[in-house]
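S.K.: One file is attached below, work_36.tsv, containing TSV, C-alpha atoms.
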chain	number	residue	atom	x	y	z
C	16	MET	CA	0.00	0.00	0.00
C	17	LYS	CA	1.42	3.38	-1.00
C	18	PRO	CA	1.91	6.09	1.67
C	19	ILE	CA	-1.20	8.08	2.60
C	20	THR	CA	-0.36	11.76	3.01
C	21	THR	CA	-3.32	13.65	1.50
C	22	ILE	CA	-7.10	13.47	1.55
C	23	ASP	CA	-7.01	12.40	-2.11
C	24	ASP	CA	-4.84	9.44	-1.08
C	25	VAL	CA	-7.50	8.49	1.46
C	26	ILE	CA	-10.29	8.65	-1.13
C	27	ALA	CA	-8.25	6.54	-3.56
C	28	ILE	CA	-7.43	3.79	-1.05
C	29	LEU	CA	-11.06	3.69	0.10
C	30	ASP	CA	-11.96	3.12	-3.55
C	31	GLU	CA	-9.60	0.14	-3.58
C	32	ILE	CA	-11.21	-1.27	-0.43
C	33	ILE	CA	-14.69	-0.85	-1.90
C	34	GLU	CA	-13.70	-2.57	-5.13
C	35	GLU	CA	-12.13	-5.44	-3.20
C	36	CYS	CA	-15.28	-5.82	-1.10
C	37	LEU	CA	-17.44	-5.79	-4.24
C	38	ALA	CA	-15.35	-8.58	-5.75
C	39	THR	CA	-15.40	-10.69	-2.58
C	40	GLU	CA	-18.99	-9.93	-1.46
C	41	ASN	CA	-17.60	-8.55	1.80
C	42	THR	CA	-19.96	-6.62	4.08
C	43	LEU	CA	-17.04	-4.43	5.20
C	44	GLY	CA	-17.71	-2.56	1.98
C	45	TYR	CA	-20.79	-0.93	3.52
C	46	PHE	CA	-18.74	1.11	5.99
C	47	ALA	CA	-16.05	1.84	3.40
C	48	VAL	CA	-18.69	3.43	1.14
C	49	LEU	CA	-20.10	5.57	3.94
C	50	TYR	CA	-16.61	6.61	4.99
C	51	GLN	CA	-15.65	7.59	1.47
C	52	LYS	CA	-18.77	9.78	1.23
C	53	VAL	CA	-17.79	11.53	4.46
C	54	THR	CA	-14.20	12.00	3.26
C	55	ILE	CA	-15.28	13.50	-0.07
C	56	LYS	CA	-17.61	15.88	1.78
C	57	VAL	CA	-14.78	16.92	4.12
C	58	LYS	CA	-12.57	17.62	1.09
C	59	GLU	CA	-15.29	19.79	-0.47
C	60	GLU	CA	-15.82	21.72	2.76
C	61	ILE	CA	-12.09	22.32	3.20
C	62	ALA	CA	-12.01	23.82	-0.30
C	63	ALA	CA	-15.08	25.94	0.54
C	64	GLY	CA	-13.49	27.39	3.67
C	65	PHE	CA	-15.96	25.71	6.02
C	66	PHE	CA	-13.31	25.01	8.66
C	67	ASP	CA	-11.26	27.44	10.73
C	68	ASP	CA	-8.07	25.72	9.61
C	69	GLY	CA	-8.32	23.76	6.35
C	70	PRO	CA	-4.78	22.31	6.33
C	71	ARG	CA	-5.19	21.14	9.91
C	72	MET	CA	-8.45	19.42	9.00
C	73	GLU	CA	-6.82	17.62	6.10
C	74	LYS	CA	-4.13	16.42	8.49
C	75	LEU	CA	-6.82	15.23	10.92
C	76	ASP	CA	-8.67	13.49	8.11
C	77	VAL	CA	-5.52	11.64	7.01
C	78	VAL	CA	-4.43	10.61	10.52
C	79	PHE	CA	-7.98	9.56	11.38
C	80	ALA	CA	-8.51	7.60	8.16
C	81	LYS	CA	-5.18	5.81	8.45
C	82	ARG	CA	-6.31	4.18	11.67
C	83	TYR	CA	-9.21	2.55	9.83
C	84	ILE	CA	-7.26	1.75	6.67
C	85	ASP	CA	-4.34	0.25	8.60
C	86	ALA	CA	-6.77	-1.83	10.66
C	87	TYR	CA	-8.57	-3.06	7.54
C	88	PHE	CA	-5.42	-4.24	5.80
C	89	ALA	CA	-3.95	-5.69	9.00
C	90	TRP	CA	-7.14	-7.72	9.44
C	91	THR	CA	-7.05	-9.01	5.86
C	92	LYS	CA	-3.47	-10.16	6.52
C	93	LYS	CA	-4.53	-11.83	9.79
C	94	GLN	CA	-2.48	-9.38	11.85
C	95	GLY	CA	-3.49	-7.88	15.17
C	96	VAL	CA	-5.87	-4.92	15.43
C	97	THR	CA	-7.51	-3.06	18.30
C	98	LYS	CA	-10.25	-4.95	20.13
C	99	SER	CA	-12.84	-2.48	18.80
C	100	TRP	CA	-11.92	-3.24	15.20
C	101	GLU	CA	-11.50	-6.95	15.90
C	102	VAL	CA	-15.10	-7.16	17.08
C	103	ALA	CA	-16.37	-5.05	14.16
C	104	PHE	CA	-14.49	-7.11	11.58
C	105	THR	CA	-15.55	-10.39	13.16
C	106	GLU	CA	-19.20	-9.38	13.24
C	107	ALA	CA	-18.97	-8.49	9.54
C	108	GLN	CA	-19.22	-12.23	8.95
C	109	ASN	CA	-22.55	-12.41	10.82
C	110	SER	CA	-25.17	-12.98	8.12
C	111	ASN	CA	-28.00	-12.12	10.53
C	112	LEU	CA	-27.02	-8.45	10.74
C	113	ILE	CA	-28.63	-5.83	8.52
C	114	VAL	CA	-26.76	-3.08	6.69
C	115	VAL	CA	-27.39	-0.48	9.42
C	116	GLN	CA	-25.78	-2.72	12.02
C	117	HIS	CA	-22.70	-3.21	9.84
C	118	LEU	CA	-22.41	0.57	9.43
C	119	LEU	CA	-22.76	1.13	13.16
C	120	LEU	CA	-20.08	-1.43	13.98
C	121	GLY	CA	-17.63	0.56	11.86
C	122	MET	CA	-18.79	3.86	13.33
C	123	ASN	CA	-18.41	2.53	16.86
C	124	ALA	CA	-14.76	1.52	16.41
C	125	HIS	CA	-13.73	4.46	14.28
C	126	ILE	CA	-15.55	7.34	15.96
C	127	ASN	CA	-15.51	6.24	19.59
C	128	LEU	CA	-11.87	5.10	19.61
C	129	ASP	CA	-9.95	6.36	16.56
C	130	LEU	CA	-11.33	9.90	16.32
C	131	GLY	CA	-10.25	10.94	19.81
C	132	ILE	CA	-6.76	9.52	19.32
C	133	ALA	CA	-6.37	11.26	15.96
C	134	ALA	CA	-7.57	14.60	17.35
C	135	ALA	CA	-5.14	14.41	20.28
C	136	GLU	CA	-2.29	13.36	17.98
C	137	ILE	CA	-2.59	16.31	15.59
C	138	SER	CA	-2.98	18.71	18.52
C	139	GLU	CA	0.25	17.64	20.18
C	140	GLY	CA	2.17	20.75	21.14
C	141	ASN	CA	-0.92	22.99	20.81
C	142	PRO	CA	-4.00	23.47	23.02
C	143	ILE	CA	-6.58	20.92	21.89
C	144	GLY	CA	-9.31	23.47	22.58
C	145	ASN	CA	-8.25	25.21	19.36
C	146	LEU	CA	-9.62	22.21	17.47
C	147	GLU	CA	-13.04	22.02	19.14
C	148	ASN	CA	-15.06	24.12	16.67
C	149	ASP	CA	-13.74	22.23	13.65
C	150	PHE	CA	-14.22	18.93	15.48
C	151	LYS	CA	-17.90	19.81	15.88
C	152	ARG	CA	-18.12	20.75	12.20
C	153	ILE	CA	-16.99	17.22	11.32
C	154	ASN	CA	-20.04	16.00	13.24
C	155	ASP	CA	-22.22	18.40	11.24
C	156	ILE	CA	-20.92	16.76	8.05
C	157	LEU	CA	-21.72	13.31	9.41
C	158	ALA	CA	-25.23	14.48	10.27
C	159	SER	CA	-25.76	15.90	6.79
C	160	LEU	CA	-25.07	12.48	5.29
C	161	VAL	CA	-27.63	10.59	7.39
C	162	ASN	CA	-30.48	11.37	4.98
C	163	GLU	CA	-28.31	10.46	2.02
C	164	VAL	CA	-27.51	7.09	3.59
C	165	GLN	CA	-31.19	6.50	4.30
C	166	GLN	CA	-31.96	7.08	0.63
C	167	GLY	CA	-29.50	4.35	-0.27
C	168	LEU	CA	-30.88	2.06	2.40
C	169	SER	CA	-34.43	2.63	1.18
C	170	SER	CA	-33.51	1.06	-2.16
C	171	ILE	CA	-32.25	-2.00	-0.26
C	172	TRP	CA	-35.21	-2.23	2.11
C	173	PRO	CA	-38.51	-1.78	0.22
C	174	PHE	CA	-40.46	-1.04	3.41
C	175	LEU	CA	-37.96	1.24	5.14
C	176	ARG	CA	-39.82	4.47	4.44
C	177	LYS	CA	-43.04	2.98	5.75
C	178	LEU	CA	-41.30	1.68	8.87
C	179	LEU	CA	-39.69	5.06	9.52
C	180	ARG	CA	-43.12	6.70	9.37
C	181	LEU	CA	-44.42	4.21	11.91
C	182	SER	CA	-41.37	4.36	14.18
C	183	GLY	CA	-38.38	6.70	14.27
C	184	LYS	CA	-36.27	4.06	16.00
C	185	VAL	CA	-34.11	3.11	13.00
C	186	ASP	CA	-33.45	6.75	12.20
C	187	ASN	CA	-32.69	7.57	15.83
C	188	TYR	CA	-30.45	4.53	16.08
C	189	ILE	CA	-28.21	5.85	13.29
C	190	VAL	CA	-28.18	9.41	14.58
C	191	ASP	CA	-27.55	8.46	18.21
C	192	TRP	CA	-24.46	6.44	17.37
C	193	SER	CA	-22.91	8.58	14.67
C	194	MET	CA	-23.65	12.02	16.13
C	195	GLU	CA	-24.13	11.99	19.89
C	196	LEU	CA	-21.30	9.62	20.74
C	197	ALA	CA	-18.96	11.37	18.32
C	198	ARG	CA	-19.85	14.80	19.70
C	199	LYS	CA	-19.61	13.90	23.37
C	200	GLY	CA	-17.62	10.74	23.98
C	201	ALA	CA	-14.98	11.18	21.28
C	202	TRP	CA	-14.26	14.81	22.15
C	203	LYS	CA	-14.06	14.03	25.86
C	204	PHE	CA	-11.64	11.21	25.09
C	205	ALA	CA	-9.55	13.47	22.82
C	206	VAL	CA	-9.20	16.07	25.58
C	207	GLN	CA	-8.30	13.33	28.05
C	208	MET	CA	-5.62	11.91	25.74
C	209	ALA	CA	-4.20	15.36	24.98
C	210	GLY	CA	-3.66	15.91	28.70
C	211	LEU	CA	-1.51	12.81	29.09
C	212	GLN	CA	2.18	12.21	28.59
C	213	SER	CA	2.84	10.21	25.43
C	214	ASN	CA	4.11	7.21	27.41
C	215	ASP	CA	0.68	6.98	29.09
C	216	TRP	CA	-1.17	6.79	25.75
C	217	PRO	CA	-0.96	3.01	25.22
C	218	GLU	CA	-2.54	2.18	28.58
C	219	GLU	CA	-5.29	4.79	28.21
C	220	THR	CA	-5.96	3.66	24.63
C	221	ASN	CA	-6.28	0.06	25.79
C	222	VAL	CA	-8.78	1.00	28.52
C	223	ARG	CA	-10.87	2.98	26.03
C	224	ASP	CA	-10.59	0.21	23.44
C	225	GLN	CA	-12.04	-2.38	25.80
C	226	LYS	CA	-14.98	-0.10	26.63
C	227	VAL	CA	-15.70	0.67	22.97
C	228	ALA	CA	-15.51	-3.00	22.02
C	229	ALA	CA	-18.04	-3.82	24.74
C	230	LYS	CA	-20.48	-1.30	23.22
C	231	THR	CA	-20.92	-3.53	20.18
C	232	LYS	CA	-23.50	-5.55	22.13
C	233	ILE	CA	-25.79	-2.52	21.93
C	234	ILE	CA	-25.56	-2.84	18.14
C	235	THR	CA	-25.79	-6.61	17.79
C	236	GLN	CA	-28.19	-7.17	20.71
C	237	PRO	CA	-30.24	-3.95	20.87
C	238	GLY	CA	-33.34	-5.32	22.60
C	239	LYS	CA	-36.47	-7.21	21.56
C	240	TRP	CA	-38.33	-4.36	19.81
C	241	ILE	CA	-35.36	-3.27	17.73
C	242	LEU	CA	-34.43	-6.89	16.96
C	243	LEU	CA	-37.97	-7.53	15.73
C	244	LEU	CA	-37.82	-4.45	13.54
C	245	PHE	CA	-34.42	-5.49	12.22
C	246	TRP	CA	-35.70	-9.01	11.50
C	247	ILE	CA	-38.51	-7.52	9.39
C	248	ILE	CA	-35.98	-5.38	7.53
C	249	ARG	CA	-33.59	-8.32	7.09
C	250	MET	CA	-36.37	-10.36	5.50
C	251	SER	CA	-37.01	-7.56	3.01
C	252	GLU	CA	-33.44	-6.66	2.09
C	253	ARG	CA	-32.88	-6.94	-1.64
C	254	GLY	CA	-29.84	-8.14	-3.54
C	255	THR	CA	-26.41	-9.55	-2.83
C	256	VAL	CA	-23.79	-7.86	-0.68
C	257	ALA	CA	-22.27	-6.41	-3.85
C	258	ASP	CA	-25.71	-5.09	-4.93
C	259	LYS	CA	-26.13	-3.34	-1.59
C	260	ILE	CA	-22.66	-1.82	-1.73
C	261	LYS	CA	-23.43	-0.43	-5.20
C	262	LYS	CA	-26.71	1.09	-4.03
C	263	LEU	CA	-25.07	2.73	-1.05
C	264	ARG	CA	-22.32	4.02	-3.33
C	265	ARG	CA	-24.68	6.01	-5.56
Using structure tokens, write down the structure from this file.
M.R.:
Amino acid sequence: MKPITTIDDVIAILDEIIEECLATENTLGYFAVLYQKVTIKVKEEIAAGFFDDGPRMEKLDVVFAKRYIDAYFAWTKKQGVTKSWEVAFTEAQNSNLIVVQHLLLGMNAHINLDLGIAAAEISEGNPIGNLENDFKRINDILASLVNEVQQGLSSIWPFLRKLLRLSGKVDNYIVDWSMELARKGAWKFAVQMAGLQSNDWPEETNVRDQKVAAKTKIITQPGKWILLLFWIIRMSERGTVADKIKKLRR
């Protein structure tokens, strides 16, 4: 894998991951598609002057993305990864999960563990508080893509729109994990990491990793009502894994 130093490098390598997942019918492609959409949007907003510090945000994007990309390729080579990613990658093989659950597994590992580490890393030597406004703007970008993702999911689940009218639980489930935990938990963790000496990072990362990995049960075992709703959706999902990746990619 060639070095990743720019946001364009990130977009290109995500394309490679998506293509590989299409060829192998790998459900990990769902998260890769969502992540590429977010990355492209971040690139556009950097160019538009949306952030206080565009170059710093590109650096954050690259450092953040590399944690996922490195984990993905390490996993495919049967090398060690963080517990959070190990659980997410293992659950990708669970045929009983629906697309939303696969997306949330990736979000859980990447946002709740990787984002805080990346934010602290690029702030080293500077007050991390300087990053807070732009950190929140990243969450705004994630929020703006929720509806777009739902459009893609609606083409996979014929009855999704009807279900969302009857119950906002699926919608809230996506928003709660991708927005609230990113906004609160990840930033709190970033500030905590930034306040530590670098030799204390591994231990603190390990503690956080174990907690984040444990949260996957909320995704895979969310309770009877949500499980029933997900079972209905699972029965109505259309197409192969590759078909679903293509629909999400549009």
S.K.: Listing only residues of region 57-101 of chain C within 9 Å of region 20-28 of chain C, what is the closest atom pair and its distance in Å (to one decimal) for each, using only C-alpha atoms, sorted by chain and residue number ascending, as CSV?
M.R.:
residue,atom,partner,partner_atom,distance
C:Val57,CA,C:Ile22,CA,8.8
C:Lys58,CA,C:Ile22,CA,6.9
C:Glu73,CA,C:Ile22,CA,6.2
C:Lys74,CA,C:Thr21,CA,7.6
C:Asp76,CA,C:Ile22,CA,6.7
C:Val77,CA,C:Ile22,CA,6.0
C:Val78,CA,C:Thr20,CA,8.6
C:Ala80,CA,C:Val25,CA,6.8
C:Lys81,CA,C:Val25,CA,7.8
C:Ile84,CA,C:Ile28,CA,8.0
S.K.: Using Å and a single decimal, report how far CA of Ala201 (chain C) sits from CA of Asn127 (chain C).
M.R.: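 Straight-line distance from CA of Asn127 (chain C) to CA of Ala201 (chain C) works out to 5.2 Å.
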S.K.: Can you pull out the residues contacting Gln225 (chain C)? Cut-off 9 Å, using all atoms listed in the file, and skip same-chain residues under 3 positions away; I want them as a compact mmCIF listing (two decimals) with C-alpha atoms, keeping the file's coordinate frame.
M.R.:
# COMPACT_ATOMS: atom_id res chain seq x y z
CA THR C 97 -7.51 -3.06 18.30
CA LYS C 98 -10.25 -4.95 20.13
CA SER C 99 -12.84 -2.48 18.80
CA THR C 220 -5.96 3.66 24.63
CA ASN C 221 -6.28 0.06 25.79
CA VAL C 222 -8.78 1.00 28.52
CA ALA C 228 -15.51 -3.00 22.02
CA ALA C 229 -18.04 -3.82 24.74
CA LYS C 230 -20.48 -1.30 23.22
S.K.: Mind giving me the straight-line distance from CA of Ala103 (chain C) to CA of Leu120 (chain C) in Å, one decimal?
M.R.: 5.2 Å
S.K.: Could you tell me how far CA of Leu43 (chain C) sits from CA of Val256 (chain C), in Å to one decimal place?
M.R.: 9.6 Å
S.K.: Determine the nearest neighbour of Met208 (chain C) from the options C:Ala135, C:Leu130, C:Ala38, C:Ala257, counting all atoms listed in the file.
M.R.: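 Among the listed residues, C:Ala135 lies closest to Met208 (chain C).
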S.K.: Kindly provide, as a list in words, the polymer residues lying within 8 Å of (-18.5, 1.8, -3.3), counting only C-alpha atoms and using the coordinates exactly as they appear in the file.
M.R.: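 Nearby residues: Asp30, Ile33, Glu34, Leu37, Gly44, Tyr45, Ala47, Val48, Ile260, Lys261, Leu263, Arg264 and Arg265 of chain C.
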S.K.: With N, CA, C and O atoms as the goal, would you fill in the gaps in region 211-235 of chain C and present it as a PDB file, in the frame of the given file?
M.R.:
ATOM      1  N   LEU C 211      -2.416  13.833  28.583  1.00  0.00           N
ATOM      2  CA  LEU C 211      -1.510  12.810  29.090  1.00  0.00           C
ATOM      3  C   LEU C 211      -0.116  12.928  28.481  1.00  0.00           C
ATOM      4  O   LEU C 211       0.055  13.482  27.399  1.00  0.00           O
ATOM      5  N   GLN C 212       0.844  12.378  29.169  1.00  0.00           N
ATOM      6  CA  GLN C 212       2.180  12.210  28.590  1.00  0.00           C
ATOM      7  C   GLN C 212       2.108  11.088  27.559  1.00  0.00           C
ATOM      8  O   GLN C 212       1.328  10.148  27.694  1.00  0.00           O
ATOM      9  N   SER C 213       2.918  11.180  26.521  1.00  0.00           N
ATOM     10  CA  SER C 213       2.840  10.210  25.430  1.00  0.00           C
ATOM     11  C   SER C 213       3.063   8.769  25.890  1.00  0.00           C
ATOM     12  O   SER C 213       2.488   7.839  25.337  1.00  0.00           O
ATOM     13  N   ASN C 214       3.871   8.576  26.945  1.00  0.00           N
ATOM     14  CA  ASN C 214       4.110   7.210  27.410  1.00  0.00           C
ATOM     15  C   ASN C 214       2.906   6.623  28.138  1.00  0.00           C
ATOM     16  O   ASN C 214       2.866   5.418  28.424  1.00  0.00           O
ATOM     17  N   ASP C 215       1.912   7.472  28.455  1.00  0.00           N
ATOM     18  CA  ASP C 215       0.680   6.980  29.090  1.00  0.00           C
ATOM     19  C   ASP C 215      -0.402   6.656  28.061  1.00  0.00           C
ATOM     20  O   ASP C 215      -1.449   6.108  28.417  1.00  0.00           O
ATOM     21  N   TRP C 216      -0.165   7.005  26.789  1.00  0.00           N
ATOM     22  CA  TRP C 216      -1.170   6.790  25.750  1.00  0.00           C
ATOM     23  C   TRP C 216      -1.556   5.325  25.555  1.00  0.00           C
ATOM     24  O   TRP C 216      -2.744   5.011  25.455  1.00  0.00           O
ATOM     25  N   PRO C 217      -0.582   4.404  25.475  1.00  0.00           N
ATOM     26  CA  PRO C 217      -0.960   3.010  25.220  1.00  0.00           C
ATOM     27  C   PRO C 217      -1.925   2.439  26.262  1.00  0.00           C
ATOM     28  O   PRO C 217      -2.899   1.777  25.900  1.00  0.00           O
ATOM     29  N   GLU C 218      -1.656   2.709  27.534  1.00  0.00           N
ATOM     30  CA  GLU C 218      -2.540   2.180  28.580  1.00  0.00           C
ATOM     31  C   GLU C 218      -3.934   2.798  28.488  1.00  0.00           C
ATOM     32  O   GLU C 218      -4.945   2.099  28.590  1.00  0.00           O
ATOM     33  N   GLU C 219      -3.990   4.122  28.294  1.00  0.00           N
ATOM     34  CA  GLU C 219      -5.290   4.790  28.210  1.00  0.00           C
ATOM     35  C   GLU C 219      -6.055   4.344  26.964  1.00  0.00           C
ATOM     36  O   GLU C 219      -7.277   4.167  26.998  1.00  0.00           O
ATOM     37  N   THR C 220      -5.334   4.150  25.859  1.00  0.00           N
ATOM     38  CA  THR C 220      -5.960   3.660  24.630  1.00  0.00           C
ATOM     39  C   THR C 220      -6.545   2.274  24.841  1.00  0.00           C
ATOM     40  O   THR C 220      -7.656   1.973  24.385  1.00  0.00           O
ATOM     41  N   ASN C 221      -5.813   1.417  25.549  1.00  0.00           N
ATOM     42  CA  ASN C 221      -6.280   0.060  25.790  1.00  0.00           C
ATOM     43  C   ASN C 221      -7.546   0.060  26.642  1.00  0.00           C
ATOM     44  O   ASN C 221      -8.492  -0.697  26.366  1.00  0.00           O
ATOM     45  N   VAL C 222      -7.589   0.911  27.665  1.00  0.00           N
ATOM     46  CA  VAL C 222      -8.780   1.000  28.520  1.00  0.00           C
ATOM     47  C   VAL C 222      -9.987   1.448  27.686  1.00  0.00           C
ATOM     48  O   VAL C 222     -11.068   0.867  27.761  1.00  0.00           O
ATOM     49  N   ARG C 223      -9.788   2.474  26.888  1.00  0.00           N
ATOM     50  CA  ARG C 223     -10.870   2.980  26.030  1.00  0.00           C
ATOM     51  C   ARG C 223     -11.288   1.923  25.008  1.00  0.00           C
ATOM     52  O   ARG C 223     -12.480   1.726  24.748  1.00  0.00           O
ATOM     53  N   ASP C 224     -10.315   1.239  24.443  1.00  0.00           N
ATOM     54  CA  ASP C 224     -10.590   0.210  23.440  1.00  0.00           C
ATOM     55  C   ASP C 224     -11.494  -0.876  23.989  1.00  0.00           C
ATOM     56  O   ASP C 224     -12.438  -1.311  23.318  1.00  0.00           O
ATOM     57  N   GLN C 225     -11.224  -1.316  25.189  1.00  0.00           N
ATOM     58  CA  GLN C 225     -12.040  -2.380  25.800  1.00  0.00           C
ATOM     59  C   GLN C 225     -13.482  -1.899  26.004  1.00  0.00           C
ATOM     60  O   GLN C 225     -14.443  -2.643  25.769  1.00  0.00           O
ATOM     61  N   LYS C 226     -13.642  -0.651  26.417  1.00  0.00           N
ATOM     62  CA  LYS C 226     -14.980  -0.100  26.630  1.00  0.00           C
ATOM     63  C   LYS C 226     -15.748   0.024  25.314  1.00  0.00           C
ATOM     64  O   LYS C 226     -16.935  -0.295  25.243  1.00  0.00           O
ATOM     65  N   VAL C 227     -15.058   0.501  24.281  1.00  0.00           N
ATOM     66  CA  VAL C 227     -15.700   0.670  22.970  1.00  0.00           C
ATOM     67  C   VAL C 227     -16.088  -0.682  22.399  1.00  0.00           C
ATOM     68  O   VAL C 227     -17.184  -0.849  21.844  1.00  0.00           O
ATOM     69  N   ALA C 228     -15.208  -1.663  22.526  1.00  0.00           N
ATOM     70  CA  ALA C 228     -15.510  -3.000  22.020  1.00  0.00           C
ATOM     71  C   ALA C 228     -16.747  -3.572  22.703  1.00  0.00           C
ATOM     72  O   ALA C 228     -17.576  -4.230  22.059  1.00  0.00           O
ATOM     73  N   ALA C 229     -16.884  -3.306  23.995  1.00  0.00           N
ATOM     74  CA  ALA C 229     -18.040  -3.820  24.740  1.00  0.00           C
ATOM     75  C   ALA C 229     -19.346  -3.199  24.256  1.00  0.00           C
ATOM     76  O   ALA C 229     -20.418  -3.818  24.372  1.00  0.00           O
ATOM     77  N   LYS C 230     -19.271  -1.981  23.695  1.00  0.00           N
ATOM     78  CA  LYS C 230     -20.480  -1.300  23.220  1.00  0.00           C
ATOM     79  C   LYS C 230     -21.103  -1.989  22.002  1.00  0.00           C
ATOM     80  O   LYS C 230     -22.256  -1.712  21.661  1.00  0.00           O
ATOM     81  N   THR C 231     -20.365  -2.882  21.361  1.00  0.00           N
ATOM     82  CA  THR C 231     -20.920  -3.530  20.180  1.00  0.00           C
ATOM     83  C   THR C 231     -22.159  -4.359  20.498  1.00  0.00           C
ATOM     84  O   THR C 231     -22.983  -4.607  19.628  1.00  0.00           O
ATOM     85  N   LYS C 232     -22.304  -4.776  21.755  1.00  0.00           N
ATOM     86  CA  LYS C 232     -23.500  -5.550  22.130  1.00  0.00           C
ATOM     87  C   LYS C 232     -24.762  -4.717  21.971  1.00  0.00           C
ATOM     88  O   LYS C 232     -25.838  -5.258  21.712  1.00  0.00           O
ATOM     89  N   ILE C 233     -24.628  -3.402  22.127  1.00  0.00           N
ATOM     90  CA  ILE C 233     -25.790  -2.520  21.930  1.00  0.00           C
ATOM     91  C   ILE C 233     -26.229  -2.566  20.474  1.00  0.00           C
ATOM     92  O   ILE C 233     -27.403  -2.412  20.154  1.00  0.00           O
ATOM     93  N   ILE C 234     -25.272  -2.786  19.578  1.00  0.00           N
ATOM     94  CA  ILE C 234     -25.560  -2.840  18.140  1.00  0.00           C
ATOM     95  C   ILE C 234     -26.085  -4.208  17.728  1.00  0.00           C
ATOM     96  O   ILE C 234     -27.069  -4.319  16.996  1.00  0.00           O
ATOM     97  N   THR C 235     -25.420  -5.247  18.212  1.00  0.00           N
ATOM     98  CA  THR C 235     -25.790  -6.610  17.790  1.00  0.00           C
ATOM     99  C   THR C 235     -26.921  -7.199  18.608  1.00  0.00           C
ATOM    100  O   THR C 235     -27.616  -8.098  18.151  1.00  0.00           O
TER     101      THR C 235
END
